[in-house]
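Asks: Take a look at the following structure, please.
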Amino acid sequence: MNEPNQISDGAGIDPDVGLMLRVRDDDAVAFELLIDRHQGKIIRFMQGWVANVQQAEDLAQDVFLRVFKARKTYVPTAKFTTWLYRIAHNIASNYIRDSSHRREYQISKGDSESTTGLLIEDIAVAPSGFQPSRSIDQLEKSTVVLQALQALGERQRTAIMLSKFEGMSYQEIADTMGLSIQAVKSLLSRARVNLKNLLEPYLMSGSPPTADASALEDNALPLGDKE
Amino acid sequence: MSRFAESPEMENVDEQLTAYLDGELSAADATALEKRLVDEESLRLRLAELRKAYELLDELPETPYSQRFTQSTLEHVVEDFRKSESLPKTTPLEGRGPSHRTKKSNLSWNFGIALISSIAIGVVAGGLWQFMQHSRQVQDLNLVANVTGLLDVDELTVAKELSQEQTAIKYLQDYYSDYFIPPAPKSISDRITWISSLTPVQQAKLSYNRELLAKLDSSTYRRIDAIEKQIESSESQEALHETIRVVGLVMDSNQNSERLALDGMKQSTRMRVDYLKGKLNYKAATHYFLNRLPQSDQDAVKSWGEDTLEPALVAVSRTSGRNLSELINRFMFIFRTIDGKAEELMTPLVNELLPDLSSDGRTLLSNLRLEEQLSVLFDCLDPQANSYETLLEQYSNLPSKSKELIDLSNPSDTKSQINREVLRRRFSRPRN
């Protein structure tokens with residue numbers, strides 16, 4: 001497990017840190033390489049937050065824009081991705097916080113906290129009209145999984161995406177999100193449980209989930225967590 | 001197994017199982033948990049469920065690599081830099097042109113050019129030499145220079161219609177003067193001289209385009225090559241080249257979704273023309289009213305603001321004693337949240353201004369939608385409304401609870417967050 005303040009990935013210096021230090025010195029080629037290396041992951045991260053891929057790409061562009069703007073203040077005290085995803089998380093949550101986008105976001109979540117689960121049901125049923133117990137194709141399955149991910153609370157979603165797609169340790173997730181390790185542990189556990197509850201009816205038992213959005217919220221964290 | 005973790009004990013078990021799956025338990029804790037797993041079937045079942053949920057995330061498709069995304073992001077960054085460095089920070093309706101810039105802002109501008117050049121350096125290195133080594137590319141120089149615009153217009157009819165927007169194109173060439181690649185001469189030997197006469201930024205742009213062209217699939221290449229050939233056999237080839245290059249630059253400076261929206265208009269020439277016309281005119285009008293406004297138009301807008309606009313805004317907002325900036329903010333809030341009436345009020349007001357403007361000002365303004373007209377005019381009348389000094393003052397006047405909601409780490413986000421919070425507080429107060 002990496003400790004904070006290390007920039008080694010175990011096989012030497014984190015190559016992204018080297019690139020970012022070149023970006024700090026206004027090396028444009030290094031910046032282009034950084035975009036090339038991380039664009040796919042950042043866009044996928046943003047897809048966990050917004051309704052469509054175009055919005056996700058716009059937000060991903062904003063992440064790289066902010067990386068460039070902040071280049072002069074970059075200090076290589078941690079893995080580059082810790083810094084990068086902290087920016088991505090801030091941009092995504094600010095975007096959602098903006099009232100003009102909030103409505104759109106809530107529509108993507110089912111337009112109401114109490115119908116979160118029902119939206120997933122709609123998606124699974126609508127294309128064919130059959131009950132969810134039928135076999136769903138790959139595209140549809142990925143849509144249902146994405147919707148389940150979007151239905152999680154903001155911090156649960158970020159934590160599980162960093163764990164799953166970035167392979168970050170609890171310590172790294174804690175550094176990225178500014179939380180304690182215990183809070184990350186709790187978030188990830190709740191995220192797994194909530195994902196299971198949202199997806200299980202379609203993929204195992206064939207019955208739709210009933211919504212209980214309060215259980216998906218981040219504020220159900222144990223007392224003593226940060227924020 | 002019940003759906004949600006109901007008890008603290010259950011939550012604790014789930015946390016242990018999750019940490020075990022994530023390899024985050026200590027060796028001792030992992031051994032202890034494994035002993036329990038051997039004995040407790042319900043625990044094994046729960047472990048399998050949590051593992052399965054996590055594995056389902058593998059269903060999410062990976063986003064494929066896109067060179068266009070990288071290029072568009074680089075353009076977005078450069079455009080943002082240009083915008084932040086060239087915005088007027090002077091008093092309303094004064095000091096519009098570059099000749100009025102202060103020494104400090106001139107330095108900033110030079111730094112901007114240096115930055116744009118630095119973004120380009122890696123791409124330019126060797127690029128010029130390679131151009132000269134490939135006679136085919138020298139021959140197809142206009143195709144190379146036009147590639148992004150050709151992809152955007154997609155057909156000659158669209159390019160021809162857009163080339164009628166001469167006023168907008170003139171000001172856009174001015175706005176992009178450090179970027180805009182002039183049409184290449186006809187003779188090959190002149191073209192080689194022409195390449196070396198380009199600025200580093202123009203050369204970088206050309207190199208980017210060259211890379212993009214090389215990555216196009218063969219059918220797309222053939223399609224845009226055919227359009228380029230038609231243009232080169234046309235009498236108005238110079239105007240068409242200028243139009244196409246300006247279209248490419250305008251779309252480069254927009255976010256990726258704008259381009260995707262345009263890509264989605266394959267079936268309708270009319271939609272494509274209207275969409276691009278809107279983009280060209282808005283960008284040109286913004287540049288004209290913020291940076292290039294001649295004295296006569298400055299006087300016209302100022303008089304209109306004082307004699308026509310301000311009394312109307314006072315009437316509609318039913319307040320007095322506010323400054324123009326506050327009136328505008330309040331009006332735009334009403335405009336964006338209440339349909340119909342604000343538009344009925346503003347259309348005749350803007351129409352009153354039009355005859356007093358110069359021909360260019362009138363053309364640019366009248367080609368915009370009402371909300372765009374208002375946005376341009378309000379920024380022109382009150383550039384201080386969004387200045388950082390004003391924002392700082394607004395921020396310092398916010399209560400600490402509101403301040404906590406604002407992320408100060410990014411200037412562009414900070415600006416919109418402060419504006420939102422100020423508006424939210426202002427309009428959520430009960431009316432007397």
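Ligands are numbered from 1 in the order shown, chains are lettered A, B, ... in the order of the structure tokens, and residues start at 1 in each chain.
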Residues at most 9 Å from range 172-177 of chain A, counting only C-alpha atoms, excluding those fewer than 5 positions away in the same chain, as a list in words?
Replies: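 In the requested format, the answer is Met1, Asn2, Glu3, Pro4, Ala78, Lys79, Thr81, Thr82, Trp83, Leu84, Tyr85, Arg86, Ile87, His89, Arg155, Thr158, Ala159, Leu162, Ser163, Gln182, Ala183 and Val184 of chain A.
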Asks: Can you tell me, as a PyMOL selection string, what residues are no more than 9 Å from Gln298 in chain B when counting only C-alpha atoms, ignoring any on the same chain fewer than 3 positions away?
Replies: chain B and resi 93-94+289+293-295+301-303+357+380
Asks: If you keep N, CA and C atoms, can you produce a file of those selected residues as a PDB file, in the first residue's frame?
Replies:
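Saved file selection.pdb follows:
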ATOM      1  N   LEU B  93     -17.235  51.008 -21.143  1.00  0.00           N
ATOM      2  CA  LEU B  93     -17.163  51.698 -22.421  1.00  0.00           C
ATOM      3  C   LEU B  93     -15.911  52.529 -22.618  1.00  0.00           C
ATOM      4  N   GLU B  94     -14.869  52.176 -21.921  1.00  0.00           N
ATOM      5  CA  GLU B  94     -13.610  52.871 -22.158  1.00  0.00           C
ATOM      6  C   GLU B  94     -12.513  51.848 -22.371  1.00  0.00           C
ATOM      7  N   PHE B 289     -18.209  44.017 -29.462  1.00  0.00           N
ATOM      8  CA  PHE B 289     -18.735  44.891 -28.413  1.00  0.00           C
ATOM      9  C   PHE B 289     -17.809  44.990 -27.196  1.00  0.00           C
ATOM     10  N   LEU B 293     -15.208  48.119 -30.189  1.00  0.00           N
ATOM     11  CA  LEU B 293     -16.313  49.052 -30.375  1.00  0.00           C
ATOM     12  C   LEU B 293     -15.795  50.450 -30.735  1.00  0.00           C
ATOM     13  N   PRO B 294     -16.170  50.998 -31.909  1.00  0.00           N
ATOM     14  CA  PRO B 294     -15.724  52.354 -32.241  1.00  0.00           C
ATOM     15  C   PRO B 294     -16.432  53.390 -31.359  1.00  0.00           C
ATOM     16  N   GLN B 295     -15.853  54.602 -31.320  1.00  0.00           N
ATOM     17  CA  GLN B 295     -16.372  55.627 -30.414  1.00  0.00           C
ATOM     18  C   GLN B 295     -17.866  55.906 -30.635  1.00  0.00           C
ATOM     19  N   VAL B 301     -24.347  53.109 -27.354  1.00  0.00           N
ATOM     20  CA  VAL B 301     -24.712  52.113 -26.329  1.00  0.00           C
ATOM     21  C   VAL B 301     -24.838  52.785 -24.959  1.00  0.00           C
ATOM     22  N   LYS B 302     -23.928  53.716 -24.695  1.00  0.00           N
ATOM     23  CA  LYS B 302     -23.958  54.397 -23.392  1.00  0.00           C
ATOM     24  C   LYS B 302     -25.260  55.201 -23.229  1.00  0.00           C
ATOM     25  N   SER B 303     -25.621  55.964 -24.260  1.00  0.00           N
ATOM     26  CA  SER B 303     -26.859  56.753 -24.186  1.00  0.00           C
ATOM     27  C   SER B 303     -28.069  55.840 -24.037  1.00  0.00           C
ATOM     28  N   LEU B 357     -26.614  52.405 -34.156  1.00  0.00           N
ATOM     29  CA  LEU B 357     -25.306  51.750 -34.266  1.00  0.00           C
ATOM     30  C   LEU B 357     -24.750  51.877 -35.677  1.00  0.00           C
ATOM     31  N   CYS B 380     -21.114  44.745 -22.229  1.00  0.00           N
ATOM     32  CA  CYS B 380     -20.521  45.955 -22.794  1.00  0.00           C
ATOM     33  C   CYS B 380     -20.765  47.158 -21.881  1.00  0.00           C
TER      34      CYS B 380
END
Asks: Residues of chain A within 7 Å of chain B, using only C-alpha atoms, as a ChimeraX atom specification?
Replies: /A:26-29,32,35-36,40,43-44,54-55,57-58,61,65,141-142,145-146,185-186,189,192-193,195-197
Asks: Would you put the residues from that selection into a file with N, CA and C atoms, as a PDB file, in the first residue's frame?
Replies:
ATOM      1  N   ASP A  26       5.586  24.441 -18.220  1.00  0.00           N
ATOM      2  CA  ASP A  26       4.966  24.845 -19.492  1.00  0.00           C
ATOM      3  C   ASP A  26       5.351  23.951 -20.671  1.00  0.00           C
ATOM      4  N   ASP A  27       5.614  22.683 -20.409  1.00  0.00           N
ATOM      5  CA  ASP A  27       5.907  21.755 -21.502  1.00  0.00           C
ATOM      6  C   ASP A  27       4.577  21.229 -22.053  1.00  0.00           C
ATOM      7  N   ALA A  28       4.244  21.695 -23.252  1.00  0.00           N
ATOM      8  CA  ALA A  28       2.936  21.376 -23.820  1.00  0.00           C
ATOM      9  C   ALA A  28       2.820  19.918 -24.239  1.00  0.00           C
ATOM     10  N   VAL A  29       3.928  19.351 -24.682  1.00  0.00           N
ATOM     11  CA  VAL A  29       3.873  17.952 -25.121  1.00  0.00           C
ATOM     12  C   VAL A  29       3.536  17.054 -23.931  1.00  0.00           C
ATOM     13  N   GLU A  32      -0.110  17.240 -23.288  1.00  0.00           N
ATOM     14  CA  GLU A  32      -0.850  16.441 -24.266  1.00  0.00           C
ATOM     15  C   GLU A  32      -0.786  14.953 -23.887  1.00  0.00           C
ATOM     16  N   ILE A  35      -3.108  14.202 -21.039  1.00  0.00           N
ATOM     17  CA  ILE A  35      -4.508  14.093 -21.497  1.00  0.00           C
ATOM     18  C   ILE A  35      -4.714  12.731 -22.159  1.00  0.00           C
ATOM     19  N   ASP A  36      -3.775  12.369 -23.030  1.00  0.00           N
ATOM     20  CA  ASP A  36      -3.883  11.072 -23.712  1.00  0.00           C
ATOM     21  C   ASP A  36      -3.974   9.920 -22.708  1.00  0.00           C
ATOM     22  N   GLY A  40      -9.584   8.655 -21.004  1.00  0.00           N
ATOM     23  CA  GLY A  40     -10.593   7.586 -20.941  1.00  0.00           C
ATOM     24  C   GLY A  40     -11.105   7.378 -19.532  1.00  0.00           C
ATOM     25  N   ILE A  43     -13.169  10.464 -18.298  1.00  0.00           N
ATOM     26  CA  ILE A  43     -14.510  10.494 -18.916  1.00  0.00           C
ATOM     27  C   ILE A  43     -15.389   9.430 -18.257  1.00  0.00           C
ATOM     28  N   ARG A  44     -14.837   8.245 -18.033  1.00  0.00           N
ATOM     29  CA  ARG A  44     -15.645   7.201 -17.392  1.00  0.00           C
ATOM     30  C   ARG A  44     -16.021   7.609 -15.963  1.00  0.00           C
ATOM     31  N   GLN A  54     -21.684  13.172 -23.633  1.00  0.00           N
ATOM     32  CA  GLN A  54     -21.247  14.518 -24.013  1.00  0.00           C
ATOM     33  C   GLN A  54     -20.957  15.374 -22.781  1.00  0.00           C
ATOM     34  N   GLN A  55     -21.884  15.297 -21.823  1.00  0.00           N
ATOM     35  CA  GLN A  55     -21.664  16.059 -20.579  1.00  0.00           C
ATOM     36  C   GLN A  55     -20.412  15.548 -19.869  1.00  0.00           C
ATOM     37  N   GLU A  57     -17.800  14.265 -21.207  1.00  0.00           N
ATOM     38  CA  GLU A  57     -16.605  14.751 -21.909  1.00  0.00           C
ATOM     39  C   GLU A  57     -16.350  16.226 -21.597  1.00  0.00           C
ATOM     40  N   ASP A  58     -17.420  17.011 -21.512  1.00  0.00           N
ATOM     41  CA  ASP A  58     -17.244  18.430 -21.168  1.00  0.00           C
ATOM     42  C   ASP A  58     -16.618  18.572 -19.779  1.00  0.00           C
ATOM     43  N   GLN A  61     -13.035  17.672 -19.875  1.00  0.00           N
ATOM     44  CA  GLN A  61     -12.230  18.790 -20.401  1.00  0.00           C
ATOM     45  C   GLN A  61     -11.968  19.822 -19.313  1.00  0.00           C
ATOM     46  N   LEU A  65      -8.494  21.314 -17.966  1.00  0.00           N
ATOM     47  CA  LEU A  65      -8.313  22.770 -17.946  1.00  0.00           C
ATOM     48  C   LEU A  65      -7.830  23.204 -16.564  1.00  0.00           C
ATOM     49  N   LYS A 141     -27.311  -4.073 -19.867  1.00  0.00           N
ATOM     50  CA  LYS A 141     -26.748  -4.389 -18.556  1.00  0.00           C
ATOM     51  C   LYS A 141     -25.815  -3.258 -18.105  1.00  0.00           C
ATOM     52  N   SER A 142     -24.988  -2.792 -19.044  1.00  0.00           N
ATOM     53  CA  SER A 142     -24.070  -1.724 -18.646  1.00  0.00           C
ATOM     54  C   SER A 142     -24.846  -0.453 -18.313  1.00  0.00           C
ATOM     55  N   VAL A 145     -26.179  -0.907 -14.819  1.00  0.00           N
ATOM     56  CA  VAL A 145     -25.092  -0.772 -13.835  1.00  0.00           C
ATOM     57  C   VAL A 145     -24.721   0.707 -13.667  1.00  0.00           C
ATOM     58  N   LEU A 146     -24.683   1.420 -14.790  1.00  0.00           N
ATOM     59  CA  LEU A 146     -24.349   2.846 -14.726  1.00  0.00           C
ATOM     60  C   LEU A 146     -25.401   3.611 -13.929  1.00  0.00           C
ATOM     61  N   LYS A 185     -13.601   3.266   4.500  1.00  0.00           N
ATOM     62  CA  LYS A 185     -13.998   1.870   4.728  1.00  0.00           C
ATOM     63  C   LYS A 185     -15.523   1.773   4.785  1.00  0.00           C
ATOM     64  N   SER A 186     -16.109   2.696   5.510  1.00  0.00           N
ATOM     65  CA  SER A 186     -17.558   2.695   5.659  1.00  0.00           C
ATOM     66  C   SER A 186     -18.253   3.020   4.334  1.00  0.00           C
ATOM     67  N   SER A 189     -18.059   0.063   1.962  1.00  0.00           N
ATOM     68  CA  SER A 189     -18.933  -1.020   2.387  1.00  0.00           C
ATOM     69  C   SER A 189     -20.382  -0.696   2.014  1.00  0.00           C
ATOM     70  N   ARG A 192     -20.961  -0.948  -1.739  1.00  0.00           N
ATOM     71  CA  ARG A 192     -21.123  -2.335  -2.214  1.00  0.00           C
ATOM     72  C   ARG A 192     -22.503  -2.868  -1.865  1.00  0.00           C
ATOM     73  N   VAL A 193     -22.929  -2.588  -0.640  1.00  0.00           N
ATOM     74  CA  VAL A 193     -24.242  -3.087  -0.209  1.00  0.00           C
ATOM     75  C   VAL A 193     -25.340  -2.453  -1.064  1.00  0.00           C
ATOM     76  N   LEU A 195     -25.105  -1.138  -4.062  1.00  0.00           N
ATOM     77  CA  LEU A 195     -25.051  -1.651  -5.440  1.00  0.00           C
ATOM     78  C   LEU A 195     -25.692  -3.037  -5.512  1.00  0.00           C
ATOM     79  N   LYS A 196     -25.349  -3.839  -4.560  1.00  0.00           N
ATOM     80  CA  LYS A 196     -25.927  -5.189  -4.521  1.00  0.00           C
ATOM     81  C   LYS A 196     -27.454  -5.101  -4.463  1.00  0.00           C
ATOM     82  N   ASN A 197     -27.950  -4.236  -3.580  1.00  0.00           N
ATOM     83  CA  ASN A 197     -29.397  -4.138  -3.421  1.00  0.00           C
ATOM     84  C   ASN A 197     -30.082  -3.615  -4.675  1.00  0.00           C
TER      85      ASN A 197
END
Asks: Would you kindly return, as a PyMOL selection string, each protein, DNA or RNA residue with an atom no farther than 10 Å from any atom of Val17 in chain A, considering only C-alpha atoms and excluding same-chain residues fewer than 4 positions away?
Replies: chain A and resi 7-8+13+21-23+34+74-81
Asks: Could you work out how far CA of Gln373 in chain B lies from CA of Ser253 in chain B, giving the answer in Å with one decimal?
Replies: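 Separation between CA of Ser253 in chain B and CA of Gln373 in chain B: 20.5 Å.
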Asks: As a PyMOL selection string, please: the residues near range 271-286 of chain B (cut-off 7 Å, only C-alpha atoms, same-chain neighbours under 5 positions excluded).
Replies: chain B and resi 158+162+168+171-172+250+262+265+364-365+367-368+376
Asks: For the residues in that selection, give me C-alpha atoms as a JSON list (two decimals), in the first residue's frame.
Replies:
[["chain", "number", "residue", "atom", "x", "y", "z"],
["B", 158, "VAL", "CA", -22.93, 25.16, -45.99],
["B", 162, "LEU", "CA", -21.71, 30.92, -44.21],
["B", 168, "ALA", "CA", -18.81, 38.22, -38.57],
["B", 171, "TYR", "CA", -14.17, 40.35, -36.83],
["B", 172, "LEU", "CA", -13.42, 36.70, -36.20],
["B", 250, "VAL", "CA", -14.75, 28.92, -33.56],
["B", 262, "LEU", "CA", -22.86, 19.53, -34.90],
["B", 265, "MET", "CA", -26.74, 17.29, -37.75],
["B", 364, "LEU", "CA", -23.68, 41.75, -35.65],
["B", 365, "LEU", "CA", -26.28, 42.55, -33.01],
["B", 367, "ASN", "CA", -28.11, 38.43, -36.05],
["B", 368, "LEU", "CA", -28.28, 37.31, -32.41],
["B", 376, "VAL", "CA", -23.48, 41.15, -25.17]]
Asks: If we count only C-alpha atoms, what is near Lys170 in chain B at a cut-off of 10 Å, once residues fewer than 3 positions away on the same chain are taken out, given as a PDB file with C-alpha atoms, in the first residue's frame?
Replies:
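Output (around_13.pdb):
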ATOM      1  CA  GLU B 165     -21.654  36.358 -43.042  1.00  0.00           C
ATOM      2  CA  GLN B 166     -18.878  38.714 -44.029  1.00  0.00           C
ATOM      3  CA  THR B 167     -19.071  41.050 -41.077  1.00  0.00           C
ATOM      4  CA  GLN B 173     -10.285  36.931 -38.299  1.00  0.00           C
ATOM      5  CA  ASP B 174      -9.333  39.848 -36.122  1.00  0.00           C
ATOM      6  CA  TYR B 175     -10.143  37.935 -32.935  1.00  0.00           C
ATOM      7  CA  GLU B 242     -11.393  32.178 -44.875  1.00  0.00           C
ATOM      8  CA  THR B 243     -14.891  31.109 -43.884  1.00  0.00           C
ATOM      9  CA  VAL B 246     -12.876  30.683 -39.107  1.00  0.00           C
ATOM     10  CA  ALA B 284     -17.937  37.951 -33.492  1.00  0.00           C
ATOM     11  CA  ASP B 360     -21.162  46.553 -38.466  1.00  0.00           C
TER      12      ASP B 360
END
